[in-house]
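Enquirer: Structure file model.cif (mmCIF, C-alpha atoms) right here:
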```
data_input
loop_
_atom_site.label_atom_id
_atom_site.label_comp_id
_atom_site.auth_asym_id
_atom_site.auth_seq_id
_atom_site.Cartn_x
_atom_site.Cartn_y
_atom_site.Cartn_z
CA MET M 1 0.00 0.00 0.00
CA LEU M 2 2.80 2.38 0.95
CA THR M 3 4.66 1.64 -2.29
CA ALA M 4 1.53 2.26 -4.35
CA GLY M 5 0.99 5.54 -2.52
CA LEU M 6 4.54 6.67 -3.19
CA VAL M 7 4.22 5.79 -6.87
CA ALA M 8 0.91 7.63 -7.15
CA GLY M 9 2.36 10.64 -5.36
CA GLY M 10 5.36 10.64 -7.65
CA LEU M 11 3.15 10.52 -10.73
CA VAL M 12 1.02 13.40 -9.46
CA ALA M 13 4.12 15.46 -8.67
CA ALA M 14 5.58 14.73 -12.11
CA ALA M 15 2.30 15.74 -13.77
CA LEU M 16 2.24 19.02 -11.83
CA VAL M 17 5.84 19.81 -12.75
CA ALA M 18 5.20 18.95 -16.40
CA THR M 19 2.10 21.16 -16.43
CA TRP M 20 3.98 24.10 -14.90
CA LEU M 21 6.89 23.59 -17.27
CA MET M 22 4.62 23.40 -20.32
CA GLU M 23 2.81 26.58 -19.30
CA ARG M 24 6.11 28.40 -18.81
CA ILE M 25 7.50 27.11 -22.11
CA LEU M 26 4.38 28.31 -23.93
CA ARG M 27 4.86 31.90 -22.85
CA ASP M 28 8.61 32.41 -22.30
CA SER M 29 11.07 31.66 -25.08
CA VAL M 30 14.14 32.82 -23.17
CA PHE M 31 13.32 30.48 -20.28
CA THR M 32 12.86 27.62 -22.76
CA ALA M 33 16.20 28.29 -24.40
CA ALA M 34 17.84 28.42 -20.96
CA VAL M 35 16.39 25.01 -20.06
CA ILE M 36 17.64 23.48 -23.32
CA VAL M 37 21.12 24.93 -22.87
CA THR M 38 21.25 23.82 -19.22
CA ILE M 39 20.42 20.23 -20.15
CA SER M 40 22.95 20.32 -23.00
CA VAL M 41 25.73 21.61 -20.74
CA THR M 42 24.84 19.19 -17.93
CA SER M 43 24.77 16.21 -20.29
CA THR M 44 28.14 17.20 -21.72
CA PHE M 45 29.83 17.63 -18.34
CA PHE M 46 28.40 14.63 -16.51
CA GLY M 47 27.92 12.37 -19.53
CA GLY M 48 27.09 8.78 -18.57
CA LEU M 49 26.64 9.71 -14.90
CA ILE M 50 23.09 10.92 -15.65
CA PRO M 51 20.63 8.00 -15.30
CA THR M 52 18.49 7.24 -18.35
CA PRO M 53 15.34 5.21 -17.62
CA VAL M 54 14.41 2.31 -19.87
CA ILE M 55 10.67 2.00 -20.41
CA GLY M 56 9.48 -1.07 -22.28
CA GLY M 57 12.94 -1.61 -23.75
CA PHE M 58 13.07 2.02 -24.94
CA THR M 59 15.78 4.31 -23.53
CA VAL M 60 14.38 7.73 -22.62
CA LEU M 61 16.88 10.59 -22.70
CA PRO M 62 16.35 13.98 -21.00
CA GLN M 63 16.36 15.52 -24.48
CA ASP M 64 13.45 13.26 -25.48
CA VAL M 65 11.24 14.70 -22.76
CA LEU M 66 12.36 18.22 -23.56
CA PHE M 67 11.72 17.68 -27.28
CA ALA M 68 8.16 16.55 -26.58
CA LEU M 69 7.45 19.68 -24.50
CA VAL M 70 9.15 22.11 -26.89
CA ALA M 71 7.67 20.61 -30.05
CA GLY M 72 4.19 20.50 -28.50
CA ALA M 73 4.46 24.12 -27.42
CA GLY M 74 5.82 25.02 -30.85
CA VAL M 75 2.78 23.55 -32.58
CA LEU M 76 0.42 25.44 -30.23
CA ARG M 77 2.31 28.68 -30.83
CA LEU M 78 2.20 28.15 -34.59
CA LEU M 79 -1.59 27.90 -34.39
CA ARG M 80 -1.60 31.41 -32.94
CA LEU M 81 0.04 32.95 -35.98
CA GLU M 82 -1.89 34.74 -38.70
CA SER M 83 0.40 33.20 -41.31
CA ILE M 84 3.60 31.18 -41.43
CA ASN M 85 6.92 32.05 -43.03
CA PRO M 86 8.90 29.99 -45.58
CA MET M 87 11.13 28.41 -42.93
CA GLN M 88 8.12 27.22 -40.96
CA ARG M 89 6.43 25.79 -44.04
CA ALA M 90 9.57 23.87 -44.99
CA VAL M 91 10.04 22.52 -41.46
CA ILE M 92 6.43 21.35 -41.29
CA ALA M 93 7.01 19.48 -44.58
CA LEU M 94 10.21 17.99 -43.16
CA PHE M 95 8.37 16.84 -40.03
CA ALA M 96 5.69 15.18 -42.18
CA LEU M 97 8.38 13.27 -44.09
CA VAL M 98 10.04 12.15 -40.84
CA ALA M 99 6.67 11.01 -39.45
CA LEU M 100 5.98 9.04 -42.63
CA SER M 101 9.41 7.41 -42.55
CA ALA M 102 8.95 6.54 -38.85
CA LEU M 103 5.54 4.96 -39.46
CA ARG M 104 7.05 2.87 -42.26
CA GLY M 105 9.91 1.80 -40.00
CA ILE M 106 8.26 0.91 -36.68
CA GLY M 107 6.84 -2.39 -37.95
CA PRO M 108 9.92 -3.96 -39.59
CA ASN M 109 12.62 -2.21 -37.53
CA GLY M 110 11.07 -1.78 -34.07
CA LEU M 111 10.25 1.33 -32.04
CA ASP M 112 13.66 1.73 -30.40
CA SER M 113 15.70 1.60 -33.63
CA THR M 114 13.21 3.82 -35.43
CA PHE M 115 13.15 6.55 -32.80
CA ARG M 116 16.92 6.36 -32.24
CA GLU M 117 17.51 7.22 -35.90
CA SER M 118 14.77 9.86 -35.89
CA ARG M 119 16.32 11.85 -33.01
CA ASN M 120 18.72 13.70 -35.33
CA PHE M 121 15.75 15.03 -37.28
CA LEU M 122 13.18 15.50 -34.51
CA TYR M 123 15.34 17.49 -32.08
CA PHE M 124 16.29 19.96 -34.80
CA ILE M 125 12.73 20.24 -36.12
CA GLY M 126 11.24 20.72 -32.64
CA GLY M 127 13.64 23.56 -31.86
CA ILE M 128 12.89 25.34 -35.13
CA LEU M 129 9.11 24.97 -34.80
CA TYR M 130 9.17 26.58 -31.36
CA PHE M 131 11.78 29.32 -31.74
CA SER M 132 10.57 30.45 -35.16
CA THR M 133 7.53 31.80 -33.27
CA VAL M 134 9.65 34.08 -31.07
CA ASP M 135 8.71 37.77 -31.18
CA PRO M 136 12.21 39.10 -32.03
CA THR M 137 12.17 42.26 -29.96
CA PRO M 138 15.54 43.88 -29.18
CA GLU M 139 15.39 42.72 -25.56
CA VAL M 140 14.65 39.10 -26.46
CA ARG M 141 17.50 39.08 -28.99
CA ARG M 142 19.88 40.51 -26.39
CA GLN M 143 18.81 37.93 -23.80
CA LEU M 144 19.15 35.01 -26.21
CA GLY M 145 22.49 36.36 -27.41
CA ARG M 146 23.78 36.60 -23.82
CA LEU M 147 22.54 33.05 -23.19
CA TRP M 148 24.52 31.78 -26.20
CA LEU M 149 27.63 33.60 -25.00
CA ILE M 150 27.21 32.01 -21.57
CA ALA M 151 26.78 28.58 -23.17
CA GLY M 152 29.92 29.06 -25.27
CA ALA M 153 31.87 30.23 -22.21
CA ILE M 154 30.72 27.23 -20.14
CA PHE M 155 31.67 24.77 -22.87
CA ALA M 156 35.05 26.50 -23.11
CA ALA M 157 35.45 26.16 -19.33
CA ILE M 158 34.66 22.44 -19.56
CA VAL M 159 37.34 22.12 -22.23
CA VAL M 160 39.96 23.85 -20.12
CA PHE M 161 38.97 21.77 -17.08
CA ARG M 162 39.33 18.51 -19.00
CA TRP M 163 42.59 19.57 -20.58
CA GLY M 164 43.85 20.20 -17.06
CA ALA M 165 42.61 16.75 -16.04
CA LEU M 166 44.59 15.19 -18.89
CA LEU M 167 47.75 17.04 -17.89
CA VAL M 168 47.58 15.91 -14.25
CA GLY M 169 46.62 12.34 -15.15
CA ALA M 170 43.11 12.29 -13.68
CA PRO M 171 41.44 8.85 -13.46
CA PRO M 172 39.49 7.78 -16.59
CA SER M 173 36.11 7.78 -14.87
CA GLY M 174 33.23 10.03 -13.88
CA ILE M 175 33.38 13.58 -15.23
CA PHE M 176 36.78 12.83 -16.80
CA THR M 177 35.43 9.99 -18.94
CA ARG M 178 35.06 12.04 -22.11
CA ALA M 179 38.62 13.32 -21.79
CA ARG M 180 39.94 9.76 -21.78
CA GLU M 181 37.55 8.42 -24.41
CA ALA M 182 38.51 11.19 -26.82
CA GLY M 183 42.01 9.78 -27.03
CA GLY M 184 43.43 13.31 -27.10
CA ILE M 185 42.44 16.91 -26.64
CA ARG M 186 39.05 16.67 -28.36
CA VAL M 187 37.31 16.70 -24.98
CA ILE M 188 33.92 17.92 -26.21
CA ASP M 189 32.16 16.90 -29.39
CA ASN M 190 31.64 18.83 -32.62
CA GLN M 191 28.11 19.96 -31.76
CA ASN M 192 29.24 21.58 -28.51
CA THR M 193 32.23 23.11 -30.25
CA LEU M 194 29.90 24.63 -32.85
CA VAL M 195 28.16 26.51 -30.02
CA VAL M 196 31.57 27.86 -28.94
CA ALA M 197 32.29 28.98 -32.51
CA GLN M 198 28.89 30.63 -32.81
CA ALA M 199 29.44 32.48 -29.54
CA LEU M 200 32.72 33.72 -31.01
CA PHE M 201 30.97 35.14 -34.07
CA ILE M 202 28.27 36.77 -31.97
CA LEU M 203 31.06 38.95 -30.59
CA VAL M 204 32.83 39.56 -33.91
CA PRO M 205 30.46 42.38 -35.01
CA LEU M 206 31.17 44.17 -31.74
CA TRP M 207 34.89 43.81 -32.40
CA ILE M 208 34.50 45.15 -35.92
CA ARG M 209 32.64 48.22 -34.64
CA GLU M 210 35.15 48.60 -31.81
CA THR M 211 32.37 48.53 -29.19
CA VAL M 212 33.56 45.33 -27.55
CA THR M 213 34.19 45.53 -23.79
CA ARG M 214 37.37 44.37 -22.07
CA HIS M 215 35.70 41.22 -20.74
CA GLN M 216 34.29 40.45 -24.18
CA SER M 217 37.76 40.85 -25.69
CA TRP M 218 39.11 38.26 -23.28
CA LEU M 219 36.20 35.97 -24.07
CA ILE M 220 36.91 36.28 -27.81
CA ALA M 221 40.51 35.21 -27.17
CA VAL M 222 39.50 32.23 -25.03
CA LEU M 223 36.82 31.05 -27.45
CA LEU M 224 39.22 31.30 -30.39
CA ILE M 225 41.91 29.33 -28.56
CA VAL M 226 39.43 26.61 -27.62
CA VAL M 227 38.03 26.34 -31.16
CA VAL M 228 41.51 26.12 -32.69
CA PHE M 229 43.15 23.69 -30.28
CA LEU M 230 40.22 21.29 -29.98
CA GLN M 231 41.27 20.26 -33.50
CA HIS M 232 37.77 19.55 -34.78
CA ARG M 233 38.59 20.14 -38.41
CA THR M 234 34.94 20.43 -39.39
CA ILE M 235 34.70 23.40 -37.03
CA TRP M 236 37.84 24.88 -38.57
CA VAL M 237 36.13 24.85 -41.96
CA VAL M 238 32.98 26.33 -40.40
CA VAL M 239 34.98 29.14 -38.79
CA LEU M 240 36.91 29.87 -41.98
CA THR M 241 33.63 30.07 -43.89
CA ALA M 242 32.15 32.53 -41.41
CA GLY M 243 35.40 34.50 -41.35
CA ALA M 244 35.44 34.77 -45.13
CA MET M 245 31.86 36.07 -45.05
CA VAL M 246 32.78 38.67 -42.44
CA VAL M 247 35.69 39.91 -44.57
CA ALA M 248 33.58 39.94 -47.74
CA ARG M 249 30.82 41.95 -46.07
CA ASN M 250 33.23 44.28 -44.23
CA PRO M 251 36.04 45.22 -46.64
CA ASN M 252 37.69 47.59 -44.14
CA PHE M 253 37.98 44.72 -41.71
CA GLY M 254 40.15 42.67 -44.06
CA ARG M 255 43.54 43.70 -42.68
CA ARG M 256 42.60 43.09 -39.05
CA ALA M 257 41.06 39.73 -39.94
CA ALA M 258 44.10 38.69 -41.95
CA ALA M 259 46.40 39.57 -39.05
CA ALA M 260 44.25 37.57 -36.64
CA LEU M 261 44.18 34.55 -38.97
CA VAL M 262 47.95 34.65 -39.51
CA SER M 263 48.53 34.83 -35.75
CA ALA M 264 46.16 31.95 -35.09
CA ALA M 265 47.72 29.83 -37.85
CA ALA M 266 51.20 30.48 -36.51
CA ALA M 267 50.15 29.53 -32.98
CA VAL M 268 48.51 26.31 -34.17
CA THR M 269 51.57 25.37 -36.21
CA VAL M 270 54.02 25.97 -33.35
CA VAL M 271 51.99 24.19 -30.67
CA THR M 272 51.00 21.28 -32.92
CA ALA M 273 54.60 20.74 -33.97
CA ALA M 274 55.77 20.86 -30.36
CA LEU M 275 53.15 18.40 -29.16
CA SER M 276 53.59 16.06 -32.11
CA THR M 277 57.28 15.53 -31.31
CA SER M 278 56.37 13.99 -27.96
CA SER M 279 55.92 10.23 -27.74
CA GLU M 280 52.98 10.90 -25.42
CA SER M 281 51.38 13.58 -27.55
CA PRO M 282 47.77 14.32 -26.58
CA LEU M 283 46.91 15.14 -30.18
CA PRO M 284 44.64 12.45 -31.64
CA GLN M 285 46.05 12.94 -35.11
CA ALA M 286 47.92 15.50 -37.13
CA PRO M 287 45.86 18.24 -38.77
CA THR M 288 47.05 17.06 -42.18
CA ASP M 289 45.95 13.44 -41.62
CA THR M 290 43.24 12.54 -44.15
CA GLY M 291 42.31 9.18 -42.64
CA THR M 292 39.04 10.42 -41.15
CA PHE M 293 37.90 11.97 -44.42
CA VAL M 294 38.77 8.81 -46.37
CA TRP M 295 36.81 6.71 -43.86
CA ARG M 296 33.79 8.98 -44.18
CA PHE M 297 33.95 9.21 -47.96
CA GLU M 298 34.09 5.44 -48.29
CA GLY M 299 31.14 5.17 -45.93
CA TRP M 300 29.09 7.68 -47.94
CA LYS M 301 29.95 5.86 -51.16
CA GLY M 302 28.99 2.49 -49.71
CA LEU M 303 25.67 3.78 -48.39
CA LEU M 304 24.71 5.57 -51.59
CA GLU M 305 25.59 2.56 -53.74
CA GLN M 306 23.28 0.25 -51.80
CA ALA M 307 20.37 2.66 -51.54
CA PRO M 308 17.61 2.90 -52.47
CA GLY M 309 16.23 -0.60 -52.69
CA ARG M 310 12.96 0.22 -54.46
CA GLU M 311 11.99 2.95 -56.90
CA GLU M 312 9.82 4.91 -54.46
CA GLU M 313 12.76 5.08 -52.05
CA TYR M 314 14.47 7.51 -54.41
CA LEU M 315 11.73 9.97 -53.46
CA ILE M 316 11.01 9.19 -49.79
CA GLY M 317 14.02 7.12 -48.68
CA ARG M 318 14.23 3.94 -46.67
CA PRO M 319 12.26 3.72 -43.41
CA LEU M 320 13.83 5.05 -40.24
CA GLY M 321 15.48 2.30 -38.21
CA SER M 322 16.91 0.50 -41.27
CA GLY M 323 20.49 1.02 -40.07
CA TYR M 324 23.57 2.30 -41.88
CA GLU M 325 25.61 -0.84 -42.33
CA ARG M 326 28.28 -0.62 -45.05
CA GLU M 327 31.69 -2.01 -45.89
CA LEU M 328 34.74 0.24 -46.11
CA GLU M 329 36.84 -0.38 -49.22
CA THR M 330 40.27 0.32 -47.76
CA SER M 331 40.04 -1.70 -44.56
CA GLY M 332 37.26 -4.13 -45.47
CA ASN M 333 35.61 -3.44 -42.11
CA VAL M 334 31.83 -3.44 -41.82
CA VAL M 335 30.45 -0.54 -39.78
CA ASP M 336 26.92 0.42 -38.75
CA THR M 337 27.09 4.03 -37.59
CA SER M 338 25.46 7.23 -38.79
CA PRO M 339 26.81 8.53 -42.13
CA HIS M 340 28.49 11.59 -40.52
CA ASN M 341 26.80 13.71 -43.18
CA PHE M 342 23.35 15.08 -42.46
CA TYR M 343 22.57 15.57 -46.14
CA VAL M 344 23.44 11.95 -46.96
CA GLU M 345 21.45 10.85 -43.91
CA THR M 346 18.47 12.90 -45.09
CA TYR M 347 18.62 11.38 -48.57
CA LEU M 348 18.80 7.85 -47.18
CA ARG M 349 15.83 8.28 -44.85
CA LEU M 350 13.71 10.99 -46.51
CA GLY M 351 14.77 10.67 -50.14
CA LEU M 352 15.11 13.40 -52.75
CA VAL M 353 11.96 15.07 -51.44
CA GLY M 354 13.50 15.45 -48.00
CA LEU M 355 16.77 16.70 -49.45
CA ALA M 356 14.89 19.33 -51.47
CA VAL M 357 13.46 20.80 -48.26
CA PHE M 358 16.84 22.26 -47.19
CA PRO M 359 17.05 24.91 -49.93
CA LEU M 360 13.46 25.84 -49.11
CA MET M 361 14.43 26.23 -45.44
CA TYR M 362 17.65 28.16 -45.78
CA ALA M 363 17.61 30.11 -49.06
CA PRO M 364 14.69 32.50 -48.30
CA THR M 365 15.91 33.06 -44.74
CA LEU M 366 19.49 33.78 -45.79
CA ARG M 367 18.25 36.12 -48.51
CA HIS M 368 16.09 38.11 -46.09
CA LEU M 369 18.88 38.33 -43.50
CA ALA M 370 21.38 39.56 -46.10
CA ARG M 371 19.13 42.32 -47.45
CA ARG M 372 19.82 44.79 -44.67
CA ARG M 373 21.74 45.13 -41.44
CA ASP M 374 20.78 46.12 -37.92
CA GLU M 375 22.29 49.43 -36.88
CA ASP M 376 22.57 48.39 -33.23
CA ALA M 377 25.32 45.75 -32.82
CA ASP M 378 24.43 45.55 -29.12
CA LEU M 379 21.45 43.41 -30.14
CA LEU M 380 24.01 40.55 -30.21
CA LEU M 381 21.75 38.42 -32.43
CA THR M 382 21.80 40.92 -35.28
CA ARG M 383 20.74 40.06 -38.80
CA GLU M 384 24.43 39.91 -39.73
CA THR M 385 25.14 37.48 -36.88
CA MET M 386 22.19 35.24 -37.72
CA LEU M 387 23.35 35.17 -41.36
CA LEU M 388 26.76 33.91 -40.21
CA ILE M 389 25.24 31.34 -37.85
CA LEU M 390 23.00 29.86 -40.56
CA ALA M 391 25.92 29.69 -42.99
CA MET M 392 27.96 27.91 -40.31
CA GLN M 393 25.14 25.38 -39.90
CA VAL M 394 24.93 24.69 -43.63
CA VAL M 395 28.64 23.82 -43.71
CA PHE M 396 28.56 21.94 -40.40
CA MET M 397 25.86 19.56 -41.62
CA ILE M 398 28.20 18.25 -44.32
CA ALA M 399 29.88 16.28 -41.55
CA TRP M 400 27.50 16.21 -38.55
CA PRO M 401 23.78 16.34 -37.74
CA PRO M 402 22.31 19.39 -35.97
CA ASP M 403 20.69 19.10 -32.55
CA LEU M 404 18.10 20.83 -30.40
CA ASP M 405 20.59 23.63 -29.60
CA GLN M 406 20.92 24.43 -33.29
CA GLY M 407 17.14 24.37 -33.61
CA ILE M 408 17.15 27.40 -31.30
CA MET M 409 19.43 29.40 -33.57
CA THR M 410 17.69 28.36 -36.80
CA GLY M 411 14.28 29.23 -35.40
CA VAL M 412 15.43 32.59 -34.06
CA ALA M 413 17.10 33.38 -37.40
CA SER M 414 13.76 32.72 -39.08
CA ALA M 415 11.96 35.02 -36.65
CA VAL M 416 14.55 37.77 -37.13
CA ALA M 417 14.50 37.42 -40.92
CA PHE M 418 10.72 37.51 -41.34
CA GLY M 419 9.60 39.25 -38.17
CA GLY M 420 9.41 42.65 -39.81
CA SER M 421 8.52 41.43 -43.28
CA GLU M 422 5.55 42.99 -45.04
CA THR M 423 5.03 39.90 -47.16
CA VAL M 424 4.88 37.36 -44.35
CA ALA M 425 3.09 38.47 -41.19
CA VAL M 426 4.47 36.87 -38.09
CA ARG M 427 2.22 38.38 -35.46
CA HIS M 428 0.64 36.76 -32.48
CA ARG M 429 -3.13 36.54 -32.79
CA ALA M 430 -3.96 35.92 -29.16
CA ARG M 431 -2.06 37.44 -26.25
CA ARG M 432 -4.27 35.69 -23.73
CA TRP M 433 -1.65 32.92 -23.37
CA THR M 434 1.08 35.35 -22.33
CA THR M 435 1.37 37.17 -19.05
CA GLY M 436 4.32 39.40 -19.82
CA GLU M 437 5.35 41.77 -22.56
CA PRO M 438 5.11 40.68 -26.22
CA GLY M 439 8.87 40.19 -26.23
CA GLN M 440 8.49 37.27 -23.86
CA ALA M 441 6.29 35.34 -26.26
#
```
Take the structure from the file and write it as structure tokens.
Expert:
Amino acid sequence: MLTAGLVAGGLVAAALVATWLMERILRDSVFTAAVIVTISVTSTFFGGLIPTPVIGGFTVLPQDVLFALVAGAGVLRLLRLESINPMQRAVIALFALVALSALRGIGPNGLDSTFRESRNFLYFIGGILYFSTVDPTPEVRRQLGRLWLIAGAIFAAIVVFRWGALLVGAPPSGIFTRAREAGGIRVIDNQNTLVVAQALFILVPLWIRETVTRHQSWLIAVLLIVVVFLQHRTIWVVVLTAGAMVVARNPNFGRRAAAALVSAAAAVTVVTAALSTSSESPLPQAPTDTGTFVWRFEGWKGLLEQAPGREEEYLIGRPLGSGYERELETSGNVVDTSPHNFYVETYLRLGLVGLAVFPLMYAPTLRHLARRRDEDADLLLTRETMLLILAMQVVFMIAWPPDLDQGIMTGVASAVAFGGSETVAVRHRARRWTTGEPGQA
């Protein structure tokens, strides 16, 4: 009897918390973004120490629960809009394709395999659906920009902490697990490092306009060091792409940017050479090593050669949960991991129709962001900054899938791009669901 009472009490408490959280998520975008970032940072730092319940053979992650709340709130907020913008239309189409692929896959592949493969799509979609409904007032953009800077700074602090753990020989367990598993100095993954890089480019416009504070200058230096020495080469390409865009759009900034790039390149060369000469070098591989790219390219080739199996799969892909087993030509090994290319993954699971959604998502938004600039760089998430962040995402997805964190930035970019548009009205129809100012919607 006591056990049943405790269980019932726990269920009631959980329902009350979920109700409160859903109500808060519905009306406060900044709070929602803070919750997502907090879970992302916590999961990164503690890793496998966070318990994940298994219900009916299905592993439930904290992000799964958060996705359900955010996506549900996003749908309700979309229903409050007078009309939807091109990004929202494309994302709704993408969600429909994912749902179709999941329904096709549950029977033959099982619920766990199907949902495990769908996470890469659903997290991203859920974030966009919700944050594309943000009312992009100056205050909201400043608050979200500060939140992203804080997230980047925390990830950078985790990196420095784990590098220190490696240097002092900390035990390969607990919060140091990732440092040991990485086999070198790549102590956080590419998705977390992308947040660090994006935080860096949120501050770049302030540096260009020479309005950056002393603390922000130090943060720029730390973020740049972390991005460079983590040696995620995908992020290097992402940063170089964003840097080239900054120079192209700010001709007078070219000399300062070139000097910064030369200094960074020299530092990387010196430190990498010094560490590589040691027999106990913490570097996982030299920056010029092409082994990873060859492994990925062979994997992409193998997957594309064996898919699709039927004619209709050219259009809608194979069902989610089908797996990504392929044989690598060079080694002859058979692997069954994600393709490490979100575009290839999209083609395999959603077909040519799914792949065609990406230009519909990004092209109109990028075009609207590039048309004009915000005069106030203190907004942090200016149109210029959001243009850079979206371009960084487009390049990043060549090697890695986006996550719920990136859904925040993509959705906000959509809101900023179309929020003041005369052709697409993004106005809230009913304020009865909000208790604060419109900027908190």
Enquirer: Evaluating the PyMOL selection byres ((chain M and resi 202) around 9) on the displayed file yields which residues, as a list of chain:residue names?
Expert: M:Gly145, M:Trp148, M:Leu149, M:Ala197, M:Gln198, M:Ala199, M:Leu200, M:Phe201, M:Leu203, M:Val204, M:Pro205, M:Leu206, M:Leu380, M:Leu381, M:Thr382, M:Thr385, M:Met386, M:Leu388, M:Ile389
Enquirer: Here's the selection I'm unsure about, the PyMOL selection byres ((chain M and resi 124) around 8); applied to the file above, which residues does it give, as number ranges by chain?
Expert: M: 120-123, 125-128, 402-407
Enquirer: Just how far from CA of Val41 in chain M is CA of Thr234 in chain M, in Å to one decimal?
Expert: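 These two atoms are separated by 20.8 Å.
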Enquirer: Counting only C-alpha atoms, what is within 10 Å of Ile235 in chain M, bar same-chain residues fewer than 5 positions away, as a list in words?
Expert: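 Non-adjacent residues within range: Asn190, Gln191, Thr193, Leu194, Val196, Ala197, Val227, Val228, Leu230, Leu240, Thr241, Met392, Val395, Phe396 and Ala399 of chain M.
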Enquirer: Given only C-alpha atoms as the basis, pick out the residue of M:Trp400, M:Arg141, M:Phe95, M:Met87 nearest to Arg233 in chain M.
Expert: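 Among the listed residues, M:Trp400 lies closest to Arg233 in chain M.
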Enquirer: For a test of reading the model, state the distance in Å between CA of Gly110 in chain M and CA of Arg349 in chain M, rounded to one decimal.
Expert: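 So the answer is 15.5 Å.
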Enquirer: Using all atoms listed in the file, can you tell me which of M:Ala153, M:Val416, M:Leu350, M:Ala93 comes closest to His368 in chain M?
Expert: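 Between M:Ala153, M:Val416, M:Leu350, M:Ala93, the residue approaching His368 in chain M most closely is M:Val416.
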Enquirer: Would you pick out the contacts of Gly56 in chain M at 12 Å or less, using only C-alpha atoms, so that residues sharing its chain but fewer than 2 positions from it are not included, and give the list as a ChimeraX atom specification?
Expert: /M:53-54,58-60,110-112
Enquirer: What's the separation between CA of Ile185 in chain M and CA of Phe155 in chain M, in Å to one decimal place?
Expert: 13.9 Å
Enquirer: Some atoms are absent from range 393-397 of chain M, so rebuild all heavy atoms and return them as an mmCIF file, in the coordinates of the input.
Expert:
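Ended up saving to result.cif:
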```
data_model
loop_
_atom_site.group_PDB
_atom_site.id
_atom_site.type_symbol
_atom_site.label_atom_id
_atom_site.label_comp_id
_atom_site.auth_asym_id
_atom_site.auth_seq_id
_atom_site.Cartn_x
_atom_site.Cartn_y
_atom_site.Cartn_z
ATOM 1 N N GLN M 393 25.928 26.618 -39.981
ATOM 2 C CA GLN M 393 25.140 25.380 -39.900
ATOM 3 C C GLN M 393 25.169 24.614 -41.221
ATOM 4 O O GLN M 393 25.311 23.387 -41.237
ATOM 5 C CB GLN M 393 23.691 25.701 -39.549
ATOM 6 C CG GLN M 393 23.439 25.962 -38.089
ATOM 7 C CD GLN M 393 21.950 26.137 -37.823
ATOM 8 O OE1 GLN M 393 21.135 26.055 -38.725
ATOM 9 N NE2 GLN M 393 21.610 26.397 -36.571
ATOM 10 N N VAL M 394 24.973 25.334 -42.321
ATOM 11 C CA VAL M 394 24.930 24.690 -43.630
ATOM 12 C C VAL M 394 26.219 23.908 -43.893
ATOM 13 O O VAL M 394 26.196 22.777 -44.389
ATOM 14 C CB VAL M 394 24.696 25.730 -44.737
ATOM 15 C CG1 VAL M 394 24.887 25.110 -46.126
ATOM 16 C CG2 VAL M 394 23.291 26.317 -44.626
ATOM 17 N N VAL M 395 27.355 24.493 -43.528
ATOM 18 C CA VAL M 395 28.640 23.820 -43.710
ATOM 19 C C VAL M 395 28.801 22.692 -42.701
ATOM 20 O O VAL M 395 29.251 21.588 -43.039
ATOM 21 C CB VAL M 395 29.797 24.837 -43.572
ATOM 22 C CG1 VAL M 395 31.149 24.132 -43.651
ATOM 23 C CG2 VAL M 395 29.692 25.903 -44.649
ATOM 24 N N PHE M 396 28.417 22.938 -41.459
ATOM 25 C CA PHE M 396 28.560 21.940 -40.400
ATOM 26 C C PHE M 396 27.844 20.651 -40.743
ATOM 27 O O PHE M 396 28.335 19.548 -40.456
ATOM 28 C CB PHE M 396 28.009 22.523 -39.090
ATOM 29 C CG PHE M 396 28.067 21.595 -37.918
ATOM 30 C CD1 PHE M 396 29.232 21.419 -37.195
ATOM 31 C CD2 PHE M 396 26.934 20.890 -37.512
ATOM 32 C CE1 PHE M 396 29.282 20.563 -36.100
ATOM 33 C CE2 PHE M 396 26.975 20.035 -36.430
ATOM 34 C CZ PHE M 396 28.151 19.868 -35.715
ATOM 35 N N MET M 397 26.666 20.739 -41.353
ATOM 36 C CA MET M 397 25.860 19.560 -41.620
ATOM 37 C C MET M 397 26.438 18.670 -42.719
ATOM 38 O O MET M 397 25.947 17.564 -42.938
ATOM 39 C CB MET M 397 24.424 19.972 -41.963
ATOM 40 C CG MET M 397 23.668 20.508 -40.759
ATOM 41 S SD MET M 397 21.894 20.795 -41.035
ATOM 42 C CE MET M 397 21.929 22.149 -42.205
#
```
